[in-house]
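First comes the structure, then the notes that go with it.
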Amino acid sequence: MELPDYGFFFSGYCKRAPGSLCGLGCLTGYRLVNGDSFRECRQDGTWNGRQPKCEGRIIIQYQR
């Protein structure tokens, strides 16, 4: 599984071993879209679920 741009693995890495669970998140200012935040390694070494992306959020700052 590839790490999405602006993303990270909760454990710091993902082990490709059957039954391994991998959690993905996005850096501050981004949100996970179009995929799954947790994926499991299947017996054949592929990952279940869909590969997510990290999308930038629009942050509006107000000045006083």
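Chain labels A, B, ... are given in the sequence in which chains occur in the structure tokens; within each chain residues are numbered consecutively from 1, and ligands are likewise numbered from 1 in the order shown.
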
List every residue of chain A that DSSP, applied to the backbone of this structure, places in strand (DSSP E or B), and write the result as a list in words.
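Those in chain A that DSSP calls strand (DSSP E or B) are Gly7, Phe8, Phe9, Leu21, Cys22, Gly23, Leu24, Gly25, Cys26, Tyr30, Arg31, Leu32, Val33, Phe38, Arg39, Glu40, Cys41, Trp47, Lys53, Cys54, Glu55 and Gly56 of chain A.
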
What's the 7 Å shell around stretch 34-36 of chain A, counting only C-alpha atoms, without same-chain residues fewer than 5 positions away, as a ChimeraX atom specification?
/A:49-53

Please provide the set of residues having any atom within 9 Å of A:Leu24, restricted to only C-alpha atoms, with same-chain residues fewer than 6 positions apart removed, written as a list in words.
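Returned residues: Leu3, Pro4, Gly7, Phe8, Phe9, Phe10, Ser11, Leu32, Asp36, Ser37, Phe38, Arg39 and Pro52 of chain A.
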
Surrounding residues of stretch 18-22 of chain A excluding itself and chain neighbours under 5 positions, 7 Å, only C-alpha atoms, as a ChimeraX atom specification:
/A:38-43,45

Output C-alpha atoms for every residue in the selection just made, as a short mmCIF file (atom, residue, chain, number, x, y, z; two decimals), in the first residue's frame.
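Generated output (again.cif):
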```cif
data_model
loop_
_atom_site.label_atom_id
_atom_site.label_comp_id
_atom_site.auth_asym_id
_atom_site.auth_seq_id
_atom_site.Cartn_x
_atom_site.Cartn_y
_atom_site.Cartn_z
CA PHE A 38 -7.97 1.22 8.09
CA ARG A 39 -6.97 -1.56 5.71
CA GLU A 40 -6.08 -5.20 6.30
CA CYS A 41 -3.47 -7.25 4.48
CA ARG A 42 -5.05 -10.29 2.79
CA GLN A 43 -3.54 -13.77 2.52
CA GLY A 45 -0.42 -9.82 0.19
#
```

Just the number, please: distance in Å from atom CA of A:Glu2 to atom CA of A:Ala17, one decimal.
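Taking atom CA of A:Glu2 as the start and atom CA of A:Ala17 as the end point, the length is 15.0 Å.
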
Point-to-point distance in Å for atom CA of A:Gly25 and atom CA of A:Met1
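If I compute the distance from atom CA of A:Met1 to atom CA of A:Gly25, I get 13.5 Å.
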